[in-house]
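The next block is query-v2.tsv, given as TSV, C-alpha atoms.
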chain	number	residue	atom	x	y	z
A	1	MET	CA	85.64	108.38	-151.99
A	2	LYS	CA	83.52	108.31	-155.13
A	3	HIS	CA	83.59	105.68	-157.85
A	4	GLN	CA	82.57	106.05	-161.46
A	5	ILE	CA	79.90	103.75	-162.82
A	6	GLU	CA	77.98	103.53	-166.06
A	7	ILE	CA	74.44	102.25	-166.14
A	8	THR	CA	71.84	102.36	-168.85
A	9	VAL	CA	68.43	103.39	-167.56
A	10	ASN	CA	65.46	103.18	-169.89
A	11	GLY	CA	67.82	103.13	-172.86
A	12	ASP	CA	69.92	106.14	-171.83
A	13	ALA	CA	73.53	105.75	-170.65
A	14	HIS	CA	74.44	107.49	-167.41
A	15	HIS	CA	78.01	108.05	-166.24
A	16	LEU	CA	77.84	108.71	-162.53
A	17	LEU	CA	80.07	109.23	-159.53
A	18	VAL	CA	78.74	107.26	-156.58
A	19	GLU	CA	79.80	106.49	-153.06
A	20	ALA	CA	80.35	102.89	-152.02
A	21	HIS	CA	77.29	102.89	-149.74
A	22	GLN	CA	74.82	104.28	-152.29
A	23	THR	CA	72.14	101.94	-153.54
A	24	LEU	CA	70.67	101.65	-157.00
A	25	LEU	CA	67.50	103.14	-155.51
A	26	ASP	CA	69.48	106.22	-154.41
A	27	VAL	CA	70.98	106.59	-157.88
A	28	ILE	CA	67.67	106.19	-159.72
A	29	ARG	CA	65.78	108.64	-157.52
A	30	ASP	CA	68.41	111.16	-156.41
A	31	LEU	CA	70.99	111.27	-159.20
A	32	ILE	CA	68.90	110.43	-162.26
A	33	GLY	CA	65.62	111.88	-160.98
A	34	PHE	CA	63.20	109.02	-161.69
A	35	THR	CA	60.92	109.10	-158.68
A	36	GLY	CA	58.46	106.47	-159.91
A	37	THR	CA	60.65	103.89	-158.20
A	38	LYS	CA	59.48	104.19	-154.61
A	39	SER	CA	61.44	104.01	-151.40
A	40	GLY	CA	59.46	101.85	-149.02
A	41	CYS	CA	61.02	99.71	-146.34
A	42	GLU	CA	64.61	99.97	-147.66
A	43	MET	CA	65.12	96.37	-146.47
A	44	GLY	CA	63.96	94.39	-149.52
A	45	GLU	CA	60.66	93.40	-147.94
A	46	CYS	CA	58.00	95.52	-149.67
A	47	GLY	CA	58.92	95.58	-153.38
A	48	ALA	CA	58.03	99.26	-153.87
A	49	CYS	CA	61.53	99.85	-155.28
A	50	THR	CA	61.40	97.00	-157.83
A	51	VAL	CA	63.11	97.67	-161.16
A	52	VAL	CA	64.16	95.35	-163.96
A	53	MET	CA	67.94	94.87	-164.09
A	54	ASN	CA	69.29	92.86	-167.01
A	55	GLY	CA	65.86	91.24	-167.37
A	56	ASP	CA	65.36	90.33	-163.71
A	57	ALA	CA	63.11	92.04	-161.19
A	58	VAL	CA	65.29	93.29	-158.32
A	59	ASN	CA	64.77	95.33	-155.18
A	60	SER	CA	66.81	98.40	-156.01
A	61	CYS	CA	67.21	99.18	-152.29
A	62	LEU	CA	69.33	96.01	-151.92
A	63	VAL	CA	71.58	96.54	-154.94
A	64	LEU	CA	74.62	98.70	-154.37
A	65	ALA	CA	75.18	101.20	-157.15
A	66	LEU	CA	78.64	99.73	-157.67
A	67	GLU	CA	77.05	96.32	-158.31
A	68	ALA	CA	74.88	97.88	-161.00
A	69	ASP	CA	77.87	99.12	-163.02
A	70	GLY	CA	77.47	98.04	-166.65
A	71	THR	CA	73.84	96.94	-166.30
A	72	GLU	CA	70.63	97.73	-168.16
A	73	ILE	CA	67.93	99.07	-165.87
A	74	ARG	CA	64.27	99.60	-166.69
A	75	THR	CA	62.09	101.70	-164.42
A	76	ILE	CA	58.41	102.53	-164.53
A	77	GLU	CA	59.29	105.72	-166.44
A	78	GLY	CA	60.60	103.56	-169.29
A	79	MET	CA	57.46	101.46	-169.72
A	80	ALA	CA	55.13	103.62	-171.81
A	81	GLN	CA	55.86	104.43	-175.43
A	82	GLY	CA	54.94	108.09	-175.70
A	83	ASP	CA	51.27	108.38	-174.73
A	84	LYS	CA	50.67	104.63	-175.06
A	85	LEU	CA	50.90	102.69	-171.84
A	86	HIS	CA	52.69	99.34	-171.76
A	87	PRO	CA	50.15	96.46	-171.83
A	88	VAL	CA	50.87	95.62	-168.19
A	89	GLN	CA	50.27	99.24	-167.16
A	90	GLU	CA	47.07	99.36	-169.22
A	91	SER	CA	45.87	96.12	-167.66
A	92	PHE	CA	46.46	97.46	-164.15
A	93	VAL	CA	44.32	100.50	-165.01
A	94	GLU	CA	41.56	98.50	-166.73
A	95	ASN	CA	41.34	95.96	-163.91
A	96	GLY	CA	41.30	98.50	-161.08
A	97	ALA	CA	44.55	97.09	-159.69
A	98	ILE	CA	45.62	100.52	-158.46
A	99	GLN	CA	44.45	101.92	-155.16
A	100	CYS	CA	46.80	104.32	-153.38
A	101	GLY	CA	49.42	103.65	-156.05
A	102	TYR	CA	52.43	103.30	-153.79
A	103	CYS	CA	53.12	99.67	-154.71
A	104	THR	CA	52.02	100.03	-158.33
A	105	SER	CA	55.36	100.75	-159.97
A	106	GLY	CA	56.99	97.81	-158.20
A	107	MET	CA	54.07	95.52	-159.04
A	108	VAL	CA	54.16	96.58	-162.70
A	109	MET	CA	57.91	96.05	-162.93
A	110	ALA	CA	57.75	92.61	-161.26
A	111	SER	CA	54.84	91.62	-163.52
A	112	THR	CA	56.64	92.80	-166.63
A	113	ALA	CA	59.81	90.88	-165.76
A	114	LEU	CA	57.70	87.79	-165.09
A	115	LEU	CA	55.77	87.96	-168.36
A	116	ASP	CA	58.90	88.75	-170.37
A	117	LYS	CA	60.47	85.52	-169.06
A	118	ASN	CA	57.29	83.44	-168.91
A	119	PRO	CA	54.61	84.75	-171.31
A	120	LYS	CA	52.32	81.86	-170.39
A	121	ALA	CA	52.68	82.17	-166.62
A	122	ASP	CA	49.95	80.30	-164.75
A	123	ILE	CA	48.38	81.54	-161.54
A	124	GLU	CA	51.06	79.93	-159.36
A	125	ALA	CA	53.86	81.48	-161.44
A	126	ILE	CA	52.14	84.87	-161.19
A	127	ARG	CA	51.83	84.56	-157.42
A	128	LYS	CA	55.47	83.51	-157.18
A	129	GLY	CA	56.54	86.36	-159.48
A	130	LEU	CA	54.77	88.90	-157.28
A	131	ARG	CA	56.07	87.44	-154.04
A	132	GLY	CA	57.88	90.15	-152.13
A	133	ASN	CA	55.71	92.94	-153.51
A	134	LEU	CA	53.35	94.10	-150.80
A	135	CYS	CA	50.06	95.91	-151.29
A	136	ARG	CA	48.06	97.13	-148.34
A	137	CYS	CA	45.03	98.26	-150.37
A	138	THR	CA	43.87	95.80	-153.04
A	139	GLY	CA	44.05	92.33	-151.51
A	140	TYR	CA	45.95	91.16	-154.64
A	141	THR	CA	42.88	89.77	-156.47
A	142	LYS	CA	42.75	92.67	-158.93
A	143	ILE	CA	46.53	92.71	-159.30
A	144	ILE	CA	46.62	89.02	-160.22
A	145	LYS	CA	43.69	89.55	-162.62
A	146	ALA	CA	45.60	92.43	-164.22
A	147	VAL	CA	48.66	90.23	-164.78
A	148	GLU	CA	46.47	87.47	-166.23
A	149	SER	CA	44.75	89.97	-168.55
A	150	ALA	CA	48.09	91.35	-169.72
A	151	ARG	CA	49.33	87.79	-170.28
A	152	ASP	CA	46.22	86.95	-172.31
A	153	GLY	CA	46.37	90.15	-174.37
A	154	GLU	CA	43.03	91.32	-172.99
A	155	VAL	CA	43.96	95.00	-172.89
A	156	THR	CA	42.64	97.55	-175.32
Go ahead and express the file in the form of structure tokens.
Amino acid sequence: MKHQIEITVNGDAHHLLVEAHQTLLDVIRDLIGFTGTKSGCEMGECGACTVVMNGDAVNSCLVLALEADGTEIRTIEGMAQGDKLHPVQESFVENGAIQCGYCTSGMVMASTALLDKNPKADIEAIRKGLRGNLCRCTGYTKIIKAVESARDGEVT
């Protein structure tokens, strides 16, 4: 049995028919077609699927599509304004915080949600805000530096 939901993704309203078992990750990737949100562990452990839902970073693999009804979702595809990257994205590029790229969209989304709520986040707040987002390539030093640079407006 399918259920109708309405979610707004990156400013666009979507009226969708979903099954009770479908996750927000399934909807974003398979029904809407935004593949920047990655499917990693599908258990809420890796953070690759992180999106911003009503201002909070969430693991989209753990949110049922039915729970997302009526929400505002922001994915990595909604970050840039035309050809201009969002300051967090730009900072990740400038600071070399991207290796294989698999975790990048989740890291950027978690960082953006953090800085939107706490524009003066200190190092501990940054570490806490990125908790649950795993990276197997960078060792986190460059990622944390990128968040600090974005926070401090040090992006060109």
Worksheet entry | For atom CA of Asp56 of chain A and atom CA of Leu115 of chain A, the interatomic separation in Å (one decimal) | 10.9 Å
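Closest approach to Thr50 of chain A among A:Gly101, A:Gly153, A:Gly36, A:Gly82: A:Gly36, based on all atoms listed in the file.
Picture a line from atom CA of Ala13 of chain A to atom CA of Gly44 of chain A; it runs 25.8 Å.
The shell of residues at most 9 Å from segment 129-134 of chain A, with only C-alpha atoms counted and near chain neighbours (fewer than 2 positions) removed, consists of Gly44, Glu45, Cys46, Gly47, Ala48, Thr50, Ala57, Cys103, Gly106, Met107, Ala110, Ser111, Ala113, Leu114, Glu124, Ala125, Ile126, Arg127, Arg136, Tyr140 and Ile144 of chain A.
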Worksheet item: To one decimal place, how far is atom CA of Thr35 of chain A from atom CA of Asp116 of chain A in Å?
Response: 23.6 Å
Can you list, as a short mmCIF file (atom, residue, chain, number, x, y, z; two decimals) with C-alpha atoms, in the frame of the given file, every protein, DNA or RNA residue that comes within 8 Å of segment 68-73 of chain A when you count only C-alpha atoms, leaving out same-chain residues fewer than 2 positions away?
data_model
loop_
_atom_site.label_atom_id
_atom_site.label_comp_id
_atom_site.auth_asym_id
_atom_site.auth_seq_id
_atom_site.Cartn_x
_atom_site.Cartn_y
_atom_site.Cartn_z
CA ILE A 5 79.90 103.75 -162.82
CA GLU A 6 77.98 103.53 -166.06
CA ILE A 7 74.44 102.25 -166.14
CA THR A 8 71.84 102.36 -168.85
CA VAL A 9 68.43 103.39 -167.56
CA ASN A 10 65.46 103.18 -169.89
CA GLY A 11 67.82 103.13 -172.86
CA LEU A 24 70.67 101.65 -157.00
CA VAL A 51 63.11 97.67 -161.16
CA VAL A 52 64.16 95.35 -163.96
CA MET A 53 67.94 94.87 -164.09
CA ASN A 54 69.29 92.86 -167.01
CA VAL A 63 71.58 96.54 -154.94
CA LEU A 64 74.62 98.70 -154.37
CA ALA A 65 75.18 101.20 -157.15
CA LEU A 66 78.64 99.73 -157.67
CA THR A 75 62.09 101.70 -164.42
#
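When only C-alpha atoms are used to measure the gap to Leu62 of chain A, the shortest distance among A:Cys41, A:Leu85, A:Leu31, A:Cys135 belongs to A:Cys41.
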Item to complete: Compute the distance from (42.4, 95.5, -166.9) to each atom, counting all atoms listed in the file, keep the residues with any atom at most 9 Å away, and return them as a VMD selection string; use the coordinates of the file.
Response: chain A and resid 88 to 97 142 145 to 147 149 to 150 154 to 156
For the residues selected in the previous step, produce a file with C-alpha atoms as a compact mmCIF listing (two decimals), keeping the file's coordinate frame.
# COMPACT_ATOMS: atom_id res chain seq x y z
CA VAL A 88 50.87 95.62 -168.19
CA GLN A 89 50.27 99.24 -167.16
CA GLU A 90 47.07 99.36 -169.22
CA SER A 91 45.87 96.12 -167.66
CA PHE A 92 46.46 97.46 -164.15
CA VAL A 93 44.32 100.50 -165.01
CA GLU A 94 41.56 98.50 -166.73
CA ASN A 95 41.34 95.96 -163.91
CA GLY A 96 41.30 98.50 -161.08
CA ALA A 97 44.55 97.09 -159.69
CA LYS A 142 42.75 92.67 -158.93
CA LYS A 145 43.69 89.55 -162.62
CA ALA A 146 45.60 92.43 -164.22
CA VAL A 147 48.66 90.23 -164.78
CA SER A 149 44.75 89.97 -168.55
CA ALA A 150 48.09 91.35 -169.72
CA GLU A 154 43.03 91.32 -172.99
CA VAL A 155 43.96 95.00 -172.89
CA THR A 156 42.64 97.55 -175.32
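Between Leu25 of chain A and the residues A:Cys61, A:Gly55, A:Asp12, A:Thr141, the shortest atom-to-atom distance, using only C-alpha atoms, involves A:Cys61.
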For His3 of chain A, work out the shell of residues within 7 Å, counting all atoms listed in the file and skipping chain neighbours fewer than 6 positions away, then give it as an mmCIF file with C-alpha atoms, in the coordinates of the input.
data_model
loop_
_atom_site.group_PDB
_atom_site.id
_atom_site.type_symbol
_atom_site.label_atom_id
_atom_site.label_comp_id
_atom_site.auth_asym_id
_atom_site.auth_seq_id
_atom_site.Cartn_x
_atom_site.Cartn_y
_atom_site.Cartn_z
ATOM 1 C CA LEU A 17 80.070 109.230 -159.530
ATOM 2 C CA VAL A 18 78.740 107.260 -156.580
ATOM 3 C CA GLU A 19 79.800 106.490 -153.060
#
As AutoDock Vina command-line options: centre and edge lengths in Å, one decimal, of the axis-aligned box holding segment 32-36 of chain A with 5 Å per side:
--center_x 63.7 --center_y 109.2 --center_z -160.5 --size_x 20.4 --size_y 15.4 --size_z 13.6
